[in-house]
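J.: Below is the file final22.txt, with compact mmCIF, C-alpha atoms and all ligand atoms.
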```
# COMPACT_ATOMS: atom_id res chain seq x y z
CA GLN X 1 194.46 101.80 65.01
CA GLU X 2 196.86 103.93 63.02
CA TYR X 3 197.32 107.43 64.44
CA THR X 4 199.32 110.41 63.34
CA GLY X 5 201.66 111.44 66.18
CA LEU X 6 201.78 115.22 65.94
CA LYS X 7 204.88 116.96 67.33
CA MET X 8 203.72 120.03 69.24
CA GLN X 9 206.87 121.80 70.39
CA VAL X 10 206.72 123.32 73.87
CA LEU X 11 207.74 126.98 73.61
CA ASN X 12 207.21 127.91 77.22
CA PHE X 13 206.69 125.70 80.27
CA PRO X 14 204.66 126.87 83.27
CA ASP X 15 206.60 127.16 86.54
CA ALA X 16 205.01 124.01 87.96
CA ALA X 17 206.31 122.02 85.00
CA ARG X 18 209.81 123.49 85.31
CA GLU X 19 209.91 122.40 88.94
CA SER X 20 208.79 118.85 88.22
CA LEU X 21 211.23 118.54 85.35
CA ALA X 22 214.10 120.34 87.08
CA SER X 23 216.51 117.45 86.45
CA ILE X 24 215.96 117.63 82.68
CA ASP X 25 217.76 120.10 80.45
CA LEU X 26 214.73 121.78 78.87
CA SER X 27 216.60 124.58 77.15
CA SER X 28 219.14 122.69 75.04
CA ASN X 29 216.61 120.04 74.01
CA LYS X 30 213.56 120.46 71.82
CA VAL X 31 210.62 119.19 73.86
CA TYR X 32 207.44 118.06 72.12
CA MET X 33 204.03 117.06 73.39
CA ILE X 34 203.00 114.19 71.11
CA ALA X 35 199.29 114.35 70.22
CA ALA X 36 197.64 111.29 68.67
CA THR X 37 195.12 112.21 65.98
CA LEU X 38 192.99 110.40 63.41
CA ARG X 39 192.22 113.66 61.60
CA PRO X 40 195.45 115.16 60.24
CA GLU X 41 193.46 117.19 57.66
CA THR X 42 191.91 119.21 60.51
CA MET X 43 195.25 120.47 61.86
CA TYR X 44 194.64 123.88 60.22
CA GLY X 45 191.94 124.49 62.84
CA GLN X 46 193.81 123.64 66.05
CA THR X 47 193.05 126.15 68.81
CA ASN X 48 194.68 124.44 71.81
CA CYS X 49 195.77 121.06 73.11
CA TYR X 50 194.26 118.95 75.90
CA VAL X 51 195.80 116.81 78.63
CA GLY X 52 194.09 114.85 81.38
CA PRO X 53 194.87 116.91 84.51
CA SER X 54 195.14 113.86 86.76
CA LEU X 55 197.10 111.70 84.31
CA THR X 56 200.84 111.14 84.64
CA TYR X 57 203.01 111.85 81.63
CA GLY X 58 206.61 110.90 81.05
CA VAL X 59 209.50 112.49 79.17
CA TYR X 60 211.36 110.27 76.69
CA GLU X 61 214.19 110.69 74.20
CA GLY X 62 213.01 110.81 70.59
CA LEU X 63 214.76 109.07 67.74
CA VAL X 64 216.75 112.17 66.89
CA PRO X 65 219.24 113.30 69.58
CA GLY X 66 218.16 116.53 71.25
CA GLU X 67 214.45 115.77 70.89
CA LEU X 68 212.33 114.87 73.92
CA TYR X 69 208.76 113.59 73.79
CA ILE X 70 206.00 114.00 76.38
CA CYS X 71 203.27 111.33 76.39
CA THR X 72 201.91 108.56 78.61
CA ARG X 73 204.28 105.74 79.58
CA ARG X 74 201.99 103.30 77.85
CA ALA X 75 202.31 105.22 74.58
CA ALA X 76 206.08 105.51 75.05
CA SER X 77 206.29 101.75 75.37
CA ASN X 78 204.38 101.31 72.10
CA MET X 79 206.62 103.90 70.48
CA ALA X 80 209.76 102.14 71.69
CA TYR X 81 208.66 98.92 70.02
CA GLN X 82 207.84 100.81 66.84
CA GLY X 83 211.33 102.25 66.74
CA LEU X 84 210.17 105.79 67.42
CA LEU X 85 212.34 106.34 70.52
CA ARG X 86 216.10 106.55 70.99
CA GLU X 87 216.70 102.84 71.44
CA ARG X 88 214.34 100.27 69.92
CA GLY X 89 212.41 98.34 72.57
CA VAL X 90 213.76 100.41 75.46
CA VAL X 91 211.65 102.89 77.43
CA ARG X 92 213.98 105.19 79.30
CA GLU X 93 211.95 107.68 81.30
CA LEU X 94 213.81 110.90 82.06
CA GLY X 95 211.10 112.24 84.34
CA THR X 96 207.38 112.41 84.97
CA ILE X 97 204.87 115.19 85.24
CA LYS X 98 201.15 115.51 86.02
CA GLY X 99 198.85 116.80 83.31
CA GLN X 100 197.79 119.53 85.72
CA GLU X 101 201.32 120.94 85.71
CA LEU X 102 201.37 121.23 81.93
CA ILE X 103 198.28 123.45 81.80
CA GLY X 104 199.10 126.86 80.38
CA ALA X 105 202.19 125.63 78.53
CA ARG X 106 202.59 127.52 75.25
CA ILE X 107 203.12 125.18 72.35
CA ASN X 108 203.42 125.19 68.58
CA ALA X 109 200.48 123.75 66.64
CA PRO X 110 201.83 122.57 63.26
CA LEU X 111 199.81 123.86 60.25
CA SER X 112 197.33 125.72 62.44
CA VAL X 113 196.31 129.27 61.57
CA TYR X 114 197.04 129.82 65.26
CA GLU X 115 200.74 129.00 65.37
CA GLU X 116 201.08 129.21 69.15
CA VAL X 117 198.39 127.77 71.38
CA TYR X 118 198.05 126.62 75.00
CA VAL X 119 197.59 123.39 76.91
CA LEU X 120 194.19 123.06 78.62
CA PRO X 121 192.58 120.38 80.83
CA MET X 122 190.06 117.80 79.57
CA GLU X 123 188.63 115.36 82.09
CA SER X 124 187.62 112.84 79.43
CA VAL X 125 191.12 112.20 78.07
CA LEU X 126 191.54 108.44 78.26
CA PRO X 127 194.82 107.13 79.71
CA ASN X 128 194.65 103.98 77.60
CA LYS X 129 194.25 105.51 74.20
CA GLY X 130 196.67 107.32 71.94
CA THR X 131 199.34 109.31 73.74
CA GLY X 132 197.09 110.94 76.38
CA VAL X 133 197.72 114.23 74.57
CA VAL X 134 194.84 115.40 72.36
CA THR X 135 195.10 118.29 69.96
CA SER X 136 191.92 120.32 69.87
CA VAL X 137 189.93 121.21 66.77
CA PRO X 138 186.66 122.64 68.10
CA SER X 139 185.29 123.34 64.60
CA ASP X 140 185.21 119.62 63.80
CA SER X 141 185.42 117.68 67.06
CA PRO X 142 182.29 117.86 69.26
CA ASP X 143 184.28 116.84 72.36
CA ASP X 144 186.76 119.65 71.79
CA TYR X 145 183.97 122.15 71.16
CA ALA X 146 182.05 121.18 74.30
CA THR X 147 185.14 121.30 76.50
CA LEU X 148 186.35 124.64 75.15
CA GLY X 149 182.89 126.10 75.81
CA GLU X 150 182.86 124.73 79.36
CA LEU X 151 186.36 126.02 80.16
CA ARG X 152 185.60 129.47 78.76
CA LYS X 153 182.39 129.68 80.80
CA LYS X 154 184.09 128.62 84.01
CA ALA X 155 187.63 129.94 83.55
CA GLU X 156 187.82 131.22 87.10
CA PHE X 157 186.56 127.98 88.62
CA TYR X 158 189.17 126.00 86.68
CA HIS X 159 191.92 128.58 87.44
CA LEU X 160 192.54 129.21 83.77
CA ASN X 161 193.84 132.38 82.16
CA PRO X 162 191.20 133.50 79.59
CA ASP X 163 194.11 134.29 77.25
CA TRP X 164 194.74 130.57 76.87
CA MET X 165 191.26 130.14 75.40
CA LYS X 166 191.13 133.18 73.16
CA PHE X 167 191.38 131.31 69.87
CA ASP X 168 188.00 130.82 68.21
CA PRO X 169 187.12 127.76 66.13
CA ILE X 170 187.63 128.40 62.43
CA PRO X 171 185.86 126.74 59.47
CA ILE X 172 188.10 124.26 57.70
CA ILE X 173 185.76 121.66 56.18
CA ARG X 174 182.48 122.28 54.32
CA THR X 175 179.78 119.64 54.60
CA PRO X 176 176.37 119.52 52.90
CA SER X 177 174.40 118.53 56.03
CA PHE X 178 176.27 120.16 58.92
CA GLY X 179 177.71 123.35 57.39
CA ASP X 180 181.27 124.65 57.75
CA MET X 181 181.70 123.94 61.46
CA CYS X 182 180.14 120.54 62.01
CA ALA X 183 181.03 120.29 65.71
CA GLU X 184 179.24 123.50 66.61
CA PHE X 185 176.27 122.51 64.43
CA LEU X 186 175.97 119.05 66.01
CA CYS X 187 176.45 120.26 69.59
CA LYS X 188 173.56 122.67 69.07
CA LYS X 189 171.41 120.16 67.22
CA LEU X 190 171.87 117.44 69.86
CA LYS X 191 171.51 120.00 72.67
CA ILE X 192 174.91 119.26 74.14
CA GLN X 193 175.38 121.57 77.14
CA SER X 194 178.67 120.36 78.56
CA PRO X 195 181.33 117.64 78.32
CA LYS X 196 179.14 115.62 80.71
CA ASP X 197 176.68 114.86 77.90
CA VAL X 198 178.70 111.78 77.06
CA LYS X 199 176.05 109.89 75.10
CA GLN X 200 175.14 112.75 72.78
CA LEU X 201 178.82 113.55 72.32
CA ALA X 202 179.52 109.99 71.19
CA GLU X 203 176.67 110.27 68.69
CA ALA X 204 177.87 113.67 67.49
CA LYS X 205 181.38 112.31 66.99
CA GLU X 206 180.12 109.40 64.91
CA LEU X 207 178.00 111.71 62.73
CA ALA X 208 180.85 114.20 62.33
CA TYR X 209 183.36 111.52 61.31
CA LYS X 210 181.09 110.12 58.59
CA GLU X 211 179.84 113.39 57.18
CA CYS X 212 183.30 115.00 57.06
CA PHE X 213 185.10 112.02 55.59
CA TYR X 214 182.59 111.09 52.90
CA GLN X 215 180.95 114.44 52.10
CA GLY X 216 183.44 117.04 53.32
CA THR X 217 185.45 119.48 51.21
CA MET X 218 188.47 121.42 52.44
CA ILE X 219 187.85 125.17 52.54
CA THR X 220 191.27 126.17 53.81
CA GLY X 221 194.91 125.11 53.71
CA ASP X 222 197.11 123.57 51.04
CA TYR X 223 194.33 121.40 49.60
CA ASN X 224 191.56 123.98 49.55
CA GLY X 225 188.73 122.74 47.34
CA GLU X 226 189.69 119.07 47.52
CA LYS X 227 187.55 116.31 49.03
CA VAL X 228 188.52 115.42 52.61
CA GLU X 229 188.99 111.80 51.56
CA VAL X 230 191.64 112.95 49.09
CA ALA X 231 193.23 115.68 51.20
CA LYS X 232 193.62 113.60 54.38
CA PRO X 233 196.51 111.36 53.27
CA LYS X 234 198.19 114.31 51.55
CA VAL X 235 198.19 116.49 54.66
CA ARG X 236 199.47 113.56 56.67
CA ALA X 237 202.29 112.85 54.23
CA ASP X 238 203.26 116.55 54.24
CA LEU X 239 203.39 116.64 58.05
CA ILE X 240 205.59 113.55 58.11
CA LYS X 241 207.89 114.83 55.37
CA GLN X 242 208.39 118.09 57.27
CA ASP X 243 209.20 116.14 60.45
CA LEU X 244 206.16 117.61 62.17
CA ALA X 245 204.59 114.17 62.73
CA PHE X 246 205.15 110.41 62.57
CA VAL X 247 203.05 107.28 62.19
CA TYR X 248 202.05 105.88 65.58
CA ASN X 249 200.25 102.56 65.80
CA GLU X 250 198.11 101.30 68.61
CA PRO X 251 198.02 97.51 68.99
CA GLU X 252 194.67 95.77 68.59
CA GLY X 253 192.72 95.28 71.82
CA GLN X 254 194.60 97.97 73.72
CA VAL X 255 192.10 100.69 72.96
CA ILE X 256 189.21 101.37 75.27
CA SER X 257 186.48 103.82 74.42
CA ARG X 258 184.33 106.08 76.48
CA SER X 259 181.08 105.20 74.78
CA GLY X 260 181.44 101.47 75.35
C1 LIG T 1 192.10 115.86 66.21
C2 LIG T 1 190.70 115.73 65.82
C3 LIG T 1 189.93 116.58 65.03
C4 LIG T 1 190.13 114.56 66.32
C5 LIG T 1 188.61 116.25 64.79
C6 LIG T 1 188.80 114.21 66.10
C7 LIG T 1 188.03 115.07 65.32
P1 LIG T 1 188.32 107.76 68.39
O1 LIG T 1 187.58 108.11 67.18
O2 LIG T 1 187.44 107.53 69.57
O3 LIG T 1 189.34 106.66 68.19
N1 LIG T 1 191.78 111.39 71.12
C8 LIG T 1 193.01 110.87 70.92
N2 LIG T 1 193.49 110.31 72.03
C9 LIG T 1 192.53 110.45 72.97
C10 LIG T 1 192.43 110.08 74.34
N3 LIG T 1 193.44 109.46 74.98
N4 LIG T 1 191.30 110.39 75.01
C11 LIG T 1 190.29 111.03 74.39
N5 LIG T 1 190.33 111.42 73.11
C12 LIG T 1 191.43 111.14 72.40
O4 LIG T 1 189.14 109.04 68.79
C13 LIG T 1 190.22 109.53 68.07
C14 LIG T 1 190.22 111.00 68.29
O5 LIG T 1 189.96 111.26 69.67
C15 LIG T 1 191.53 111.64 67.93
O6 LIG T 1 191.43 112.43 66.72
C16 LIG T 1 191.67 112.68 69.03
O7 LIG T 1 191.01 113.82 68.51
C17 LIG T 1 190.91 112.13 70.19
F1 LIG T 1 187.88 117.05 64.05
O8 LIG T 1 192.43 114.59 66.78
B1 LIG T 1 191.21 113.80 67.10
C18 LIG T 1 184.57 113.78 64.96
C19 LIG T 1 185.96 113.77 65.56
N6 LIG T 1 186.71 114.84 65.01
```
How does the structure come out when it is put into structure tokens?
T.:
Amino acid sequence: QEYTGLKMQVLNFPDAARESLASIDLSSNKVYMIAATLRPETMYGQTNCYVGPSLTYGVYEGLVPGELYICTRRAASNMAYQGLLRERGVVRELGTIKGQELIGARINAPLSVYEEVYVLPMESVLPNKGTGVVTSVPSDSPDDYATLGELRKKAEFYHLNPDWMKFDPIPIIRTPSFGDMCAEFLCKKLKIQSPKDVKQLAEAKELAYKECFYQGTMITGDYNGEKVEVAKPKVRADLIKQDLAFVYNEPEGQVISRSG
């Protein structure tokens, strides 16, 4: 699986994160959460980023001195072999932190209409896929839409500041069958009430992927009016050229999925 590793720079760490990472110089380094995405063309619609609250993340030195990456150790090991970390083949972990402690971090979302967004919890983030960091596009990802709805409804229960969830989904891709916000459309159509509706969410994801890729047209961003199929590699190339992302590969057989 070939992902785009999106560099989401951390602009402000919560106190809990500062404590856990006390031995790391966070101010003279640029620290990035690395989100693995298959949908670079949707980055215009990012509203937040998700981590698994109970997962452990590590901090690693990026290829360029002064850049630190946050992702799972498993992802860091893949990155090391792909020459994406400081020393090829070497995983040097500067520190670790729980996903829970990253919640509320303010981060930059490259290309998004919302430049600064927040880190939120998502129980369904898989430890064995991507980087364990998932950027959220609730207009086009049913999982992201369902989780954002759940967190907004139960902000107090989850101890979340409503300010962290204030960014509404925005239309970025027009589709003939599912309208301009396919995730919202499909969650309603399949009667998805919460992130616990795992089966319907898997179906919604499948439908959204196909419809957007083959029938979708961009209605925002640098490739407004172009087919998604055409815009996708262009947005990706732009992100990489601007040093906002890199190619991250996941070896065959390493990926597990939620739907089976
Ligand atoms: C932004 C985005 C926008 C995504 C969208 C999807 C969609 P797949 O298809 O099952 O391989 N993801 C990445 N890592 C994880 C993880 N560890 N646990 C759970 N979800 C993860 O899944 C690839 C997509 O799942 C990635 O692409 C990422 O979310 C998420 F509009 O990035 B995506 C219809 C989907 N739309």
J.: Please list as a list in words every residue within 12 Å of Ala155 in chain X, counting all atoms listed in the file and excluding residues in the same chain fewer than 5 positions away.
T.: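 So the residues in contact are Leu120, Pro121, Thr147, Leu148, Gly149, Glu150, Leu160, Asn161, Pro162, Asp163, Trp164, Met165 and Lys166 of chain X.
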J.: Any residue with an atom at most 8 Å from ligand LIG 1 (chain T) counts, using only C-alpha atoms and all ligand atoms. Which are they? Put them as a ChimeraX atom specification.
T.: /X:1,3,35-40,42-43,46,124-144,183,204-209,257-258
J.: With all atoms listed in the file as the atoms that count, which of X:Ser20, X:Ala76, X:Glu250, X:Tyr32 lies nearest to Gly89 in chain X?
T.: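 Smallest distance to Gly89 in chain X is found for X:Ala76.
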J.: Name the closest residue to Val228 in chain X among the candidates X:Gln193, X:Asn12, X:Ser28, X:Thr175; distances are taken between atoms, counting all atoms listed in the file.
T.: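 Among X:Gln193, X:Asn12, X:Ser28, X:Thr175, it is X:Thr175 that comes nearest to Val228 in chain X.
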J.: Which of these, X:Glu211, X:Ile219, X:Lys98, X:Ala105, has the shortest distance to Gly52 in chain X once you count all atoms listed in the file?
T.: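 Among X:Glu211, X:Ile219, X:Lys98, X:Ala105, it is X:Lys98 that comes nearest to Gly52 in chain X.
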J.: Measure the distance from CA of Ala16 in chain X to CA of Glu67 in chain X in Å and round it to one decimal.
T.: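 If I compute the distance from CA of Ala16 in chain X to CA of Glu67 in chain X, I get 21.2 Å.
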J.: Could you tell me, as a ChimeraX atom specification, which residues have any atom at most 8 Å from (206.8, 103.7, 66.2), counting all atoms listed in the file?
T.: /X:78-85,246-249
J.: Please report the interatomic distance between CA of Ala231 in chain X and CA of Met218 in chain X in Å with one decimal.
T.: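 Separation between CA of Ala231 in chain X and CA of Met218 in chain X: 7.6 Å.
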J.: Taking only C-alpha atoms into account, which of X:Met122, X:Val230, X:Leu111, X:Ala22 comes nearest Lys196 in chain X?
T.: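 Going through X:Met122, X:Val230, X:Leu111, X:Ala22 one by one, the smallest distance to Lys196 in chain X is for X:Met122.
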J.: Go ahead and compute the interatomic distance for CA of Leu102 in chain X and CA of Leu239 in chain X, in Å to one decimal.
T.: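 We find that CA of Leu102 in chain X and CA of Leu239 in chain X lie 24.4 Å from each other.
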J.: Residues within 10 Å of Phe13 in chain X, please, as a PyMOL selection string. Count all atoms listed in the file; anything in the same chain fewer than 4 positions from it doesn't count.
T.: chain X and resi 17-19+21+26+31+101-107+119
J.: Could you tell me which of X:Pro14, X:Gly221, X:Pro176, X:Pro169 comes closest to Gln100 in chain X if we count all atoms listed in the file?
T.: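 Ranked by minimum distance to Gln100 in chain X, first place goes to X:Pro14.
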